[in-house]
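Pasted below: target.cif, mmCIF, C-alpha atoms, pLDDT in the B column; chains and numbers go by the auth columns.
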```cif
data_work
loop_
_atom_site.group_PDB
_atom_site.id
_atom_site.type_symbol
_atom_site.label_atom_id
_atom_site.label_comp_id
_atom_site.label_asym_id
_atom_site.label_seq_id
_atom_site.Cartn_x
_atom_site.Cartn_y
_atom_site.Cartn_z
_atom_site.B_iso_or_equiv
_atom_site.auth_seq_id
_atom_site.auth_asym_id
ATOM 1 C CA MET A 1 0.000 0.000 0.000 50.00 1 A
ATOM 2 C CA LYS A 2 2.813 2.375 0.897 46.00 2 A
ATOM 3 C CA LEU A 3 4.612 1.535 -2.350 52.00 3 A
ATOM 4 C CA VAL A 4 1.518 2.342 -4.424 49.00 4 A
ATOM 5 C CA GLY A 5 1.122 5.708 -2.710 50.00 5 A
ATOM 6 C CA LEU A 6 4.777 6.557 -3.229 50.00 6 A
ATOM 7 C CA ILE A 7 4.647 5.682 -6.946 51.00 7 A
ATOM 8 C CA ALA A 8 1.499 7.762 -7.411 50.00 8 A
ATOM 9 C CA LEU A 9 3.079 10.811 -5.799 48.00 9 A
ATOM 10 C CA LEU A 10 6.276 10.486 -7.823 49.00 10 A
ATOM 11 C CA LEU A 11 4.291 10.286 -11.071 46.00 11 A
ATOM 12 C CA LEU A 12 2.455 13.457 -10.093 44.00 12 A
ATOM 13 C CA VAL A 13 5.740 15.272 -9.481 45.00 13 A
ATOM 14 C CA LEU A 14 7.190 14.151 -12.799 42.00 14 A
ATOM 15 C CA THR A 15 4.202 15.445 -14.750 38.00 15 A
ATOM 16 C CA GLU A 16 4.518 18.957 -13.292 38.00 16 A
ATOM 17 C CA ASN A 17 6.613 21.684 -14.798 37.00 17 A
ATOM 18 C CA ILE A 18 9.910 21.130 -13.019 39.00 18 A
ATOM 19 C CA VAL A 19 11.238 24.628 -13.658 38.00 19 A
ATOM 20 C CA ASP A 20 8.175 26.297 -12.142 39.00 20 A
ATOM 21 C CA THR A 21 7.669 24.007 -9.177 44.00 21 A
ATOM 22 C CA GLN A 22 11.151 22.998 -8.079 50.00 22 A
ATOM 23 C CA TYR A 23 13.274 26.062 -8.775 46.00 23 A
ATOM 24 C CA SER A 24 13.019 29.739 -8.062 48.00 24 A
ATOM 25 C CA VAL A 25 14.406 32.169 -10.628 44.00 25 A
ATOM 26 C CA GLU A 26 14.539 34.963 -8.058 48.00 26 A
ATOM 27 C CA PRO A 27 17.156 34.608 -5.317 45.00 27 A
ATOM 28 C CA PRO A 28 15.845 34.502 -1.740 46.00 28 A
ATOM 29 C CA PRO A 29 16.770 36.831 1.117 46.00 29 A
ATOM 30 C CA MET A 30 19.982 35.997 2.974 45.00 30 A
ATOM 31 C CA VAL A 31 19.239 32.929 5.109 43.00 31 A
ATOM 32 C CA TYR A 32 21.439 31.571 7.887 40.00 32 A
ATOM 33 C CA SER A 33 20.943 27.913 8.719 44.00 33 A
ATOM 34 C CA SER A 34 22.791 25.219 10.630 44.00 34 A
ATOM 35 C CA THR A 35 22.090 22.941 7.641 47.00 35 A
ATOM 36 C CA VAL A 36 24.489 24.904 5.435 46.00 36 A
ATOM 37 C CA TYR A 37 27.179 22.259 5.952 50.00 37 A
ATOM 38 C CA GLN A 38 24.984 19.363 4.783 67.00 38 A
ATOM 39 C CA ALA A 39 25.315 17.730 1.372 79.00 39 A
ATOM 40 C CA PRO A 40 23.046 19.393 -1.245 84.00 40 A
ATOM 41 C CA LYS A 41 19.543 17.942 -1.560 85.00 41 A
ATOM 42 C CA SER A 42 18.009 16.977 -4.905 85.00 42 A
ATOM 43 C CA PHE A 43 14.707 18.555 -3.851 87.00 43 A
ATOM 44 C CA CYS A 44 13.760 21.058 -1.164 89.00 44 A
ATOM 45 C CA TYR A 45 11.069 18.802 0.257 88.00 45 A
ATOM 46 C CA TYR A 46 10.950 15.259 1.568 87.00 46 A
ATOM 47 C CA LEU A 47 8.289 12.562 1.937 87.00 47 A
ATOM 48 C CA TYR A 48 7.183 10.837 5.119 85.00 48 A
ATOM 49 C CA TRP A 49 4.418 8.544 6.280 86.00 49 A
ATOM 50 C CA ASP A 50 1.770 9.823 8.692 84.00 50 A
ATOM 51 C CA GLY A 51 -0.034 6.620 9.539 84.00 51 A
ATOM 52 C CA TRP A 52 -1.266 5.434 6.127 88.00 52 A
ATOM 53 C CA ARG A 53 -0.974 8.872 4.559 88.00 53 A
ATOM 54 C CA LEU A 54 2.062 9.868 2.534 89.00 54 A
ATOM 55 C CA ARG A 55 2.899 13.500 3.235 88.00 55 A
ATOM 56 C CA SER A 56 5.554 15.991 2.161 88.00 56 A
ATOM 57 C CA ALA A 57 7.371 18.727 4.082 89.00 57 A
ATOM 58 C CA TYR A 58 9.920 21.394 3.260 91.00 58 A
ATOM 59 C CA TYR A 59 13.539 21.241 4.293 87.00 59 A
ATOM 60 C CA GLU A 60 14.658 24.165 6.447 85.00 60 A
ATOM 61 C CA ASP A 61 15.286 27.433 4.582 84.00 61 A
ATOM 62 C CA GLY A 62 19.004 27.690 3.869 81.00 62 A
ATOM 63 C CA THR A 63 19.492 23.967 3.229 85.00 63 A
ATOM 64 C CA PRO A 64 21.893 23.422 0.271 86.00 64 A
ATOM 65 C CA CYS A 65 20.255 22.037 -2.871 88.00 65 A
ATOM 66 C CA TRP A 66 21.165 21.289 -6.481 86.00 66 A
ATOM 67 C CA TYR A 67 20.113 24.111 -8.778 83.00 67 A
ATOM 68 C CA PHE A 68 19.968 22.868 -12.402 77.00 68 A
ATOM 69 C CA HIS A 69 19.329 26.082 -14.329 61.00 69 A
ATOM 70 C CA TRP A 70 22.097 26.467 -16.941 61.00 70 A
ATOM 71 C CA GLY A 71 24.262 23.816 -15.381 65.00 71 A
ATOM 72 C CA ARG A 72 24.522 22.110 -12.029 75.00 72 A
ATOM 73 C CA LYS A 73 25.166 24.500 -9.159 82.00 73 A
ATOM 74 C CA VAL A 74 24.609 24.489 -5.441 83.00 74 A
ATOM 75 C CA GLY A 75 21.666 26.670 -4.492 85.00 75 A
ATOM 76 C CA GLN A 76 19.723 27.225 -1.310 84.00 76 A
ATOM 77 C CA CYS A 77 16.268 26.032 -0.282 87.00 77 A
ATOM 78 C CA PHE A 78 13.750 28.786 0.324 85.00 78 A
ATOM 79 C CA HIS A 79 10.065 28.069 0.966 86.00 79 A
ATOM 80 C CA GLY A 80 10.342 24.629 -0.607 88.00 80 A
ATOM 81 C CA LYS A 81 12.105 25.716 -3.802 88.00 81 A
ATOM 82 C CA CYS A 82 15.749 25.590 -4.778 88.00 82 A
ATOM 83 C CA ALA A 83 16.950 29.123 -5.432 84.00 83 A
ATOM 84 C CA ARG A 84 20.184 30.500 -6.778 77.00 84 A
ATOM 85 C CA GLN A 85 22.609 32.465 -4.620 62.00 85 A
ATOM 86 C CA PRO A 86 20.942 34.533 -1.905 55.00 86 A
ATOM 87 C CA VAL A 87 20.958 38.304 -1.836 53.00 87 A
ATOM 88 C CA LYS A 88 21.234 40.786 0.983 58.00 88 A
ATOM 89 C CA PRO A 89 18.069 41.092 3.065 64.00 89 A
ATOM 90 C CA GLN A 90 15.759 44.004 2.410 74.00 90 A
ATOM 91 C CA ILE A 91 15.750 46.733 5.063 84.00 91 A
ATOM 92 C CA PRO A 92 12.189 47.529 6.171 90.00 92 A
ATOM 93 C CA CYS A 93 10.901 51.099 5.914 93.00 93 A
ATOM 94 C CA ASP A 94 9.474 51.088 9.448 94.00 94 A
ATOM 95 C CA GLY A 95 11.689 53.792 10.958 96.00 95 A
ATOM 96 C CA ILE A 96 13.083 51.343 13.523 96.00 96 A
ATOM 97 C CA HIS A 97 16.826 50.857 14.031 96.00 97 A
ATOM 98 C CA HIS A 98 17.242 47.078 13.791 93.00 98 A
ATOM 99 C CA ALA A 99 21.058 46.899 13.711 92.00 99 A
ATOM 100 C CA PRO A 100 23.025 46.274 16.922 94.00 100 A
ATOM 101 C CA GLY A 101 24.345 49.241 18.893 96.00 101 A
ATOM 102 C CA TYR A 102 23.639 52.926 18.406 98.00 102 A
ATOM 103 C CA ALA A 103 22.336 54.438 15.201 97.00 103 A
ATOM 104 C CA THR A 104 25.211 56.589 13.958 96.00 104 A
ATOM 105 C CA SER A 105 22.856 58.629 11.783 96.00 105 A
ATOM 106 C CA CYS A 106 19.169 59.467 12.075 97.00 106 A
ATOM 107 C CA MET A 107 18.633 58.785 8.357 96.00 107 A
ATOM 108 C CA TYR A 108 18.894 55.391 6.677 95.00 108 A
ATOM 109 C CA THR A 109 18.207 53.760 3.324 92.00 109 A
ATOM 110 C CA CYS A 110 15.389 51.223 3.239 90.00 110 A
ATOM 111 C CA THR A 111 14.046 49.116 0.394 83.00 111 A
ATOM 112 C CA ILE A 112 10.596 48.581 -1.085 81.00 112 A
ATOM 113 C CA GLY A 113 10.888 45.977 -3.823 72.00 113 A
ATOM 114 C CA ASN A 114 13.825 47.106 -5.940 69.00 114 A
ATOM 115 C CA GLN A 115 13.524 50.746 -4.885 81.00 115 A
ATOM 116 C CA ASN A 116 15.799 52.393 -2.309 86.00 116 A
ATOM 117 C CA ILE A 117 14.272 55.113 -0.133 91.00 117 A
ATOM 118 C CA ASP A 118 15.974 57.514 2.302 94.00 118 A
ATOM 119 C CA MET A 119 13.980 57.591 5.516 95.00 119 A
ATOM 120 C CA PRO A 120 14.410 59.025 9.050 97.00 120 A
ATOM 121 C CA TYR A 121 14.444 56.862 12.137 98.00 121 A
ATOM 122 C CA LYS A 122 11.562 57.389 14.532 98.00 122 A
ATOM 123 C CA ASN A 123 11.830 60.269 16.988 98.00 123 A
ATOM 124 C CA GLN A 124 13.623 59.394 20.256 98.00 124 A
ATOM 125 C CA THR A 125 15.727 56.690 18.601 98.00 125 A
ATOM 126 C CA PRO A 126 19.096 56.761 20.457 98.00 126 A
ATOM 127 C CA CYS A 127 21.855 58.073 18.188 98.00 127 A
ATOM 128 C CA LEU A 128 25.607 58.543 18.446 97.00 128 A
ATOM 129 C CA PRO A 129 27.184 60.801 15.798 95.00 129 A
ATOM 130 C CA VAL A 130 30.422 59.694 14.140 93.00 130 A
ATOM 131 C CA ASP A 131 32.648 61.294 11.510 90.00 131 A
ATOM 132 C CA GLU A 132 33.537 59.931 8.069 86.00 132 A
ATOM 133 C CA SER A 133 36.230 57.755 9.660 84.00 133 A
ATOM 134 C CA GLY A 134 33.755 56.194 12.072 87.00 134 A
ATOM 135 C CA ARG A 135 35.151 58.043 15.094 91.00 135 A
ATOM 136 C CA ARG A 136 32.735 59.315 17.703 94.00 136 A
ATOM 137 C CA VAL A 137 32.132 63.080 17.710 93.00 137 A
ATOM 138 C CA GLY A 138 30.246 63.726 20.932 93.00 138 A
ATOM 139 C CA GLY A 139 27.898 61.959 23.287 96.00 139 A
ATOM 140 C CA ALA A 140 24.681 60.121 22.591 98.00 140 A
ATOM 141 C CA GLY A 141 21.544 62.010 21.630 98.00 141 A
ATOM 142 C CA ILE A 142 18.097 61.190 20.298 98.00 142 A
ATOM 143 C CA CYS A 143 16.714 61.415 16.777 98.00 143 A
ATOM 144 C CA VAL A 144 14.320 64.293 16.137 98.00 144 A
ATOM 145 C CA GLY A 145 13.028 64.832 12.612 97.00 145 A
ATOM 146 C CA GLY A 146 15.929 62.960 11.008 97.00 146 A
ATOM 147 C CA ASN A 147 18.618 64.812 13.008 97.00 147 A
ATOM 148 C CA CYS A 148 20.515 63.702 16.104 97.00 148 A
ATOM 149 C CA LYS A 149 19.680 66.091 18.943 97.00 149 A
ATOM 150 C CA PRO A 150 23.079 66.600 20.648 96.00 150 A
ATOM 151 C CA SER A 151 23.799 65.407 24.159 94.00 151 A
ATOM 152 C CA TYR A 152 24.309 68.927 25.543 92.00 152 A
ATOM 153 C CA ASP A 153 20.728 69.889 24.579 95.00 153 A
ATOM 154 C CA LEU A 154 19.052 66.925 26.267 95.00 154 A
ATOM 155 C CA THR A 155 16.866 67.133 29.343 94.00 155 A
ATOM 156 C CA SER A 156 17.550 64.669 32.161 91.00 156 A
ATOM 157 C CA GLU A 157 14.669 62.501 30.892 95.00 157 A
ATOM 158 C CA GLU A 158 15.957 62.601 27.299 97.00 158 A
ATOM 159 C CA GLU A 159 19.443 61.682 28.504 96.00 159 A
ATOM 160 C CA LYS A 160 18.044 58.447 29.911 96.00 160 A
ATOM 161 C CA VAL A 161 16.246 57.775 26.608 98.00 161 A
ATOM 162 C CA ALA A 162 19.601 58.233 24.840 98.00 162 A
ATOM 163 C CA HIS A 163 21.213 55.624 27.125 98.00 163 A
ATOM 164 C CA PRO A 164 18.699 52.723 27.302 98.00 164 A
ATOM 165 C CA GLU A 165 19.476 49.555 29.188 96.00 165 A
ATOM 166 C CA ASP A 166 19.919 47.416 26.064 97.00 166 A
ATOM 167 C CA LEU A 167 22.739 49.711 24.885 98.00 167 A
ATOM 168 C CA ARG A 168 24.540 49.796 28.257 97.00 168 A
ATOM 169 C CA GLN A 169 26.947 46.986 27.440 96.00 169 A
ATOM 170 C CA CYS A 170 30.261 48.662 28.359 97.00 170 A
ATOM 171 C CA PRO A 171 31.581 47.730 31.847 96.00 171 A
ATOM 172 C CA ASP A 172 31.795 50.390 34.577 95.00 172 A
ATOM 173 C CA LYS A 173 34.912 52.459 34.035 94.00 173 A
ATOM 174 C CA GLU A 174 37.234 54.319 36.391 93.00 174 A
ATOM 175 C CA HIS A 175 37.904 57.948 35.512 94.00 175 A
ATOM 176 C CA THR A 176 41.653 58.475 35.720 91.00 176 A
ATOM 177 C CA GLY A 177 41.935 61.924 34.133 90.00 177 A
ATOM 178 C CA ARG A 178 42.191 65.222 35.984 90.00 178 A
ATOM 179 C CA ASN A 179 39.294 66.840 34.153 94.00 179 A
ATOM 180 C CA ILE A 180 35.782 67.193 35.516 95.00 180 A
ATOM 181 C CA LEU A 181 33.309 65.002 33.639 95.00 181 A
ATOM 182 C CA THR A 182 30.501 66.690 31.734 93.00 182 A
ATOM 183 C CA SER A 183 28.685 63.340 31.456 95.00 183 A
ATOM 184 C CA CYS A 184 28.771 60.204 33.571 96.00 184 A
ATOM 185 C CA TYR A 185 28.409 58.017 30.482 97.00 185 A
ATOM 186 C CA TYR A 186 31.192 56.804 28.223 97.00 186 A
ATOM 187 C CA TYR A 187 31.176 54.789 24.988 97.00 187 A
ATOM 188 C CA CYS A 188 32.911 51.708 23.641 96.00 188 A
ATOM 189 C CA GLN A 189 32.839 49.597 20.494 94.00 189 A
ATOM 190 C CA ARG A 190 31.969 45.922 20.410 92.00 190 A
ATOM 191 C CA ASN A 191 32.061 43.992 17.127 89.00 191 A
ATOM 192 C CA GLY A 192 32.051 47.267 15.209 89.00 192 A
ATOM 193 C CA SER A 193 28.969 48.715 16.963 94.00 193 A
ATOM 194 C CA TRP A 194 28.813 51.502 19.538 96.00 194 A
ATOM 195 C CA TYR A 195 27.501 50.992 23.078 98.00 195 A
ATOM 196 C CA THR A 196 27.538 52.939 26.337 98.00 196 A
ATOM 197 C CA GLY A 197 28.473 52.396 29.982 97.00 197 A
ATOM 198 C CA HIS A 198 28.882 54.268 33.278 97.00 198 A
ATOM 199 C CA TYR A 199 31.831 55.912 34.924 96.00 199 A
ATOM 200 C CA ASP A 200 32.121 54.465 38.419 95.00 200 A
ATOM 201 C CA SER A 201 31.345 56.381 41.615 93.00 201 A
ATOM 202 C CA GLN A 202 34.882 56.637 42.973 92.00 202 A
ATOM 203 C CA PRO A 203 36.189 59.996 44.281 92.00 203 A
ATOM 204 C CA THR A 204 38.049 60.496 40.962 92.00 204 A
ATOM 205 C CA SER A 205 34.775 60.586 38.998 94.00 205 A
ATOM 206 C CA GLY A 206 33.958 64.240 39.641 94.00 206 A
ATOM 207 C CA CYS A 207 31.242 65.706 37.418 95.00 207 A
ATOM 208 C CA ASP A 208 29.275 68.866 36.690 93.00 208 A
ATOM 209 C CA LEU A 209 26.018 68.929 38.616 94.00 209 A
ATOM 210 C CA ARG A 210 22.957 69.725 36.530 89.00 210 A
ATOM 211 C CA ASN A 211 21.884 72.257 39.192 88.00 211 A
ATOM 212 C CA PRO A 212 25.070 73.410 40.957 90.00 212 A
ATOM 213 C CA THR A 213 25.118 75.759 43.929 89.00 213 A
ATOM 214 C CA PRO A 214 27.861 78.087 45.203 90.00 214 A
ATOM 215 C CA GLN A 215 28.241 75.755 48.164 90.00 215 A
ATOM 216 C CA GLN A 216 28.560 72.654 45.944 91.00 216 A
ATOM 217 C CA PRO A 217 29.381 73.330 42.289 90.00 217 A
ATOM 218 C CA LEU A 218 30.523 69.737 41.584 94.00 218 A
ATOM 219 C CA GLY A 219 29.310 66.207 42.233 94.00 219 A
ATOM 220 C CA TRP A 220 30.230 62.568 41.566 95.00 220 A
ATOM 221 C CA CYS A 221 28.988 60.005 39.094 96.00 221 A
ATOM 222 C CA CYS A 222 26.517 57.319 40.127 96.00 222 A
ATOM 223 C CA GLN A 223 24.900 54.989 37.562 94.00 223 A
ATOM 224 C CA GLY A 224 24.965 57.671 34.871 94.00 224 A
ATOM 225 C CA ASP A 225 23.747 60.514 37.102 94.00 225 A
ATOM 226 C CA CYS A 226 25.808 63.260 38.731 95.00 226 A
ATOM 227 C CA ILE A 227 24.929 63.361 42.448 94.00 227 A
ATOM 228 C CA LYS A 228 26.242 65.261 45.463 92.00 228 A
ATOM 229 C CA LYS A 229 28.182 62.390 47.097 90.00 229 A
ATOM 230 C CA HIS A 230 30.671 59.821 45.817 86.00 230 A
ATOM 231 C CA ASN A 231 30.198 56.049 46.178 89.00 231 A
ATOM 232 C CA CYS A 232 26.548 56.655 45.243 90.00 232 A
ATOM 233 C CA GLY A 233 25.945 58.371 48.589 76.00 233 A
ATOM 234 C CA ARG A 234 26.752 55.324 50.683 73.00 234 A
#
```
Take the structure from the file and write it as C-alpha cells.
Amino acid sequence: MKLVGLIALLLLVLTENIVDTQYSVEPPPMVYSSTVYQAPKSFCYYLYWDGWRLRSAYYEDGTPCWYFHWGRKVGQCFHGKCARQPVKPQIPCDGIHHAPGYATSCMYTCTIGNQNIDMPYKNQTPCLPVDESGRRVGGAGICVGGNCKPSYDLTSEEEKVAHPEDLRQCPDKEHTGRNILTSCYYYCQRNGSWYTGHYDSQPTSGCDLRNPTPQQPLGWCCQGDCIKKHNCGR
C-alpha cells in the first residue's frame, strides 16, 4: 500500500513543470541555517508517512540544494524551492533601528521591492554621531526629525532615553583623568557597533552637577547621574 502511494506521488511530481515548481528564478533573502554544511539535496522537500498517509514537508530554509538552471550549481532552499545564490536582506521602511548598537545617523536607506528610499528613524531613537572615519564626535543624543539632537541639549529625561538599558553593554569604568566630567556616560565599540556604559562612583569621577550651587558646584557620578556624594551616597 505504501509503495503504491509513493509511486502515485512520484508520477504526479514528474508530470509537473519542473522549472516552475522545483526552482526559483529569483534569489531569496539571505538565510542563515545550521544545515548549510549538509550535502546538497536533490529537492527542497521530503516525503514521510503519517499513519497510512504519505505526506511531504519542506527542508529548512538555507538547506543546500542542487540548482539545475544552466548547469549544475549548489543553491539554497527557500520556501520549498531551490533558489540560486541569496541576496542581501531588504531593510524595512518602518523607521526602527534594527542593527546592533547605536544608530550613527538618524537617516537610513530602506528598500521597497527594488527601490531604495531615504527615511528618518523614529523620533527618540538613540543616536551617536560619528565622523567619516567612524570616530565618535560627541555623546549620545536622540533622533528628532531625522537629526541627532546633541547630548548637551538633552533634558535629564531625554538623557536616559539616549542611554537605554539594552545599549549599556560597556563595563563600569574608572575615571583616571584630571578633568571634571561633563557626562557620567562613556562609549565603547563591540564587534564594530557603539555601546555605552557608566563611569564608576569613585572619588576620581567628579562631574558637573545639573543644578550646581555656590556651596557645591561639583558632584560625583553614580549609575549615569551626577549626584552630590561619591560612592553613590553610601
Can you pull out every residue within 6 Å of segment 156-170 of chain A, counting all atoms listed in the file, but drop anything in the same chain fewer than 5 positions away, and send it as an NGL selection string? :A and (126 or 140-142 or 195-197)
Only C-alpha atoms, please: the residues just picked out, written as a compact mmCIF listing (two decimals), in the frame of the given file.
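Result file is out39.txt:
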```
# COMPACT_ATOMS: atom_id res chain seq x y z
CA PRO A 126 19.10 56.76 20.46
CA ALA A 140 24.68 60.12 22.59
CA GLY A 141 21.54 62.01 21.63
CA ILE A 142 18.10 61.19 20.30
CA TYR A 195 27.50 50.99 23.08
CA THR A 196 27.54 52.94 26.34
CA GLY A 197 28.47 52.40 29.98
```
Report the residues retrieved by the PyMOL selection byres ((chain A and resi 122) around 12) from the displayed file, expressed as a PyMOL selection string. chain A and resi 93-98+103+105-108+119-121+123-127+142-148
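Restricting the calculation to all atoms listed in the file, the smallest distance between Thr63 of chain A and any of A:Gln76, A:Asn231, A:Thr104, A:Thr109 is found for A:Gln76.
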May I ask for the distance between atom CA of Tyr152 of chain A and atom CA of Gly138 of chain A, given in Å to one decimal place?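 Going from atom CA of Tyr152 of chain A over to atom CA of Gly138 of chain A covers 9.1 Å.
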Apply the PyMOL selection byres ((chain A and resi 61) around 6) to the displayed file and report the matching residues as a list in words. Glu60, Gly62, Thr63, Cys77 and Phe78 of chain A
Counting all atoms listed in the file, the option among A:Lys228, A:Lys173, A:Arg53, A:Arg190 closest to Pro100 of chain A: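 Ranking A:Lys228, A:Lys173, A:Arg53, A:Arg190 by distance to Pro100 of chain A, first place goes to A:Arg190.
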Since I can't run it myself right now, could you work out what the PyMOL selection byres ((chain A and resi 219) around 12) selects here and report it as number ranges by chain? A: 180-184, 201-213, 215-218, 220-222, 225-233
Store the residues picked out above, limited to C-alpha atoms, as a CSV table (one decimal), in the coordinates of the input.
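Just written: result_36.csv:
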```
chain,number,residue,atom,x,y,z
A,180,ILE,CA,35.8,67.2,35.5
A,181,LEU,CA,33.3,65.0,33.6
A,182,THR,CA,30.5,66.7,31.7
A,183,SER,CA,28.7,63.3,31.5
A,184,CYS,CA,28.8,60.2,33.6
A,201,SER,CA,31.3,56.4,41.6
A,202,GLN,CA,34.9,56.6,43.0
A,203,PRO,CA,36.2,60.0,44.3
A,204,THR,CA,38.0,60.5,41.0
A,205,SER,CA,34.8,60.6,39.0
A,206,GLY,CA,34.0,64.2,39.6
A,207,CYS,CA,31.2,65.7,37.4
A,208,ASP,CA,29.3,68.9,36.7
A,209,LEU,CA,26.0,68.9,38.6
A,210,ARG,CA,23.0,69.7,36.5
A,211,ASN,CA,21.9,72.3,39.2
A,212,PRO,CA,25.1,73.4,41.0
A,213,THR,CA,25.1,75.8,43.9
A,215,GLN,CA,28.2,75.8,48.2
A,216,GLN,CA,28.6,72.7,45.9
A,217,PRO,CA,29.4,73.3,42.3
A,218,LEU,CA,30.5,69.7,41.6
A,220,TRP,CA,30.2,62.6,41.6
A,221,CYS,CA,29.0,60.0,39.1
A,222,CYS,CA,26.5,57.3,40.1
A,225,ASP,CA,23.7,60.5,37.1
A,226,CYS,CA,25.8,63.3,38.7
A,227,ILE,CA,24.9,63.4,42.4
A,228,LYS,CA,26.2,65.3,45.5
A,229,LYS,CA,28.2,62.4,47.1
A,230,HIS,CA,30.7,59.8,45.8
A,231,ASN,CA,30.2,56.0,46.2
A,232,CYS,CA,26.5,56.7,45.2
A,233,GLY,CA,25.9,58.4,48.6
```
Of the candidates A:Thr111, A:Leu54, A:Pro92, A:Phe43, which shows the shortest atom-to-atom distance to Phe68 of chain A, using all atoms listed in the file? A:Phe43
Generate N, CA and C atoms for segment 209-231 of chain A and emit them as an mmCIF file, in the coordinates of the input.
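Listing of selection-v4.cif after writing:
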```cif
data_model
loop_
_atom_site.group_PDB
_atom_site.id
_atom_site.type_symbol
_atom_site.label_atom_id
_atom_site.label_comp_id
_atom_site.auth_asym_id
_atom_site.auth_seq_id
_atom_site.Cartn_x
_atom_site.Cartn_y
_atom_site.Cartn_z
ATOM 1 N N LEU A 209 27.410 69.100 38.209
ATOM 2 C CA LEU A 209 26.018 68.929 38.616
ATOM 3 C C LEU A 209 25.089 69.651 37.646
ATOM 4 N N ARG A 210 23.927 69.073 37.415
ATOM 5 C CA ARG A 210 22.957 69.725 36.530
ATOM 6 C C ARG A 210 22.442 71.022 37.154
ATOM 7 N N ASN A 211 22.325 71.050 38.477
ATOM 8 C CA ASN A 211 21.884 72.257 39.192
ATOM 9 C C ASN A 211 22.886 72.570 40.302
ATOM 10 N N PRO A 212 24.042 73.127 39.945
ATOM 11 C CA PRO A 212 25.070 73.410 40.957
ATOM 12 C C PRO A 212 24.665 74.579 41.861
ATOM 13 N N THR A 213 25.299 74.643 43.003
ATOM 14 C CA THR A 213 25.118 75.759 43.929
ATOM 15 C C THR A 213 26.492 76.304 44.284
ATOM 16 N N PRO A 214 26.558 77.554 44.786
ATOM 17 C CA PRO A 214 27.861 78.087 45.203
ATOM 18 C C PRO A 214 28.517 77.220 46.274
ATOM 19 N N GLN A 215 27.691 76.603 47.109
ATOM 20 C CA GLN A 215 28.241 75.755 48.164
ATOM 21 C C GLN A 215 28.747 74.417 47.615
ATOM 22 N N GLN A 216 28.135 73.924 46.549
ATOM 23 C CA GLN A 216 28.560 72.654 45.944
ATOM 24 C C GLN A 216 28.412 72.732 44.431
ATOM 25 N N PRO A 217 29.455 73.208 43.752
ATOM 26 C CA PRO A 217 29.381 73.330 42.289
ATOM 27 C C PRO A 217 29.576 72.000 41.563
ATOM 28 N N LEU A 218 30.192 71.010 42.238
ATOM 29 C CA LEU A 218 30.523 69.737 41.584
ATOM 30 C C LEU A 218 29.903 68.567 42.330
ATOM 31 N N GLY A 219 29.815 67.429 41.630
ATOM 32 C CA GLY A 219 29.310 66.207 42.233
ATOM 33 C C GLY A 219 30.134 65.009 41.802
ATOM 34 N N TRP A 220 29.551 63.804 41.945
ATOM 35 C CA TRP A 220 30.230 62.568 41.566
ATOM 36 C C TRP A 220 29.260 61.669 40.795
ATOM 37 N N CYS A 221 29.813 60.879 39.933
ATOM 38 C CA CYS A 221 28.988 60.005 39.094
ATOM 39 C C CYS A 221 28.390 58.860 39.907
ATOM 40 N N CYS A 222 27.181 58.479 39.525
ATOM 41 C CA CYS A 222 26.517 57.319 40.127
ATOM 42 C C CYS A 222 25.500 56.776 39.135
ATOM 43 N N GLN A 223 25.815 55.647 38.497
ATOM 44 C CA GLN A 223 24.900 54.989 37.562
ATOM 45 C C GLN A 223 24.403 55.932 36.466
ATOM 46 N N GLY A 224 25.311 56.772 35.963
ATOM 47 C CA GLY A 224 24.965 57.671 34.871
ATOM 48 C C GLY A 224 24.509 59.047 35.306
ATOM 49 N N ASP A 225 24.172 59.213 36.582
ATOM 50 C CA ASP A 225 23.747 60.514 37.102
ATOM 51 C C ASP A 225 24.901 61.181 37.846
ATOM 52 N N CYS A 226 24.842 62.504 37.943
ATOM 53 C CA CYS A 226 25.808 63.260 38.731
ATOM 54 C C CYS A 226 25.108 63.662 40.028
ATOM 55 N N ILE A 227 25.571 63.104 41.157
ATOM 56 C CA ILE A 227 24.929 63.361 42.448
ATOM 57 C C ILE A 227 25.906 64.082 43.379
ATOM 58 N N LYS A 228 25.454 64.403 44.576
ATOM 59 C CA LYS A 228 26.242 65.261 45.463
ATOM 60 C C LYS A 228 27.255 64.504 46.317
ATOM 61 N N LYS A 229 27.244 63.165 46.292
ATOM 62 C CA LYS A 229 28.182 62.390 47.097
ATOM 63 C C LYS A 229 28.785 61.272 46.251
ATOM 64 N N HIS A 230 30.058 60.936 46.543
ATOM 65 C CA HIS A 230 30.671 59.821 45.817
ATOM 66 C C HIS A 230 30.215 58.499 46.429
ATOM 67 N N ASN A 231 30.627 57.399 45.784
ATOM 68 C CA ASN A 231 30.198 56.049 46.178
ATOM 69 C C ASN A 231 28.674 55.939 46.240
#
```
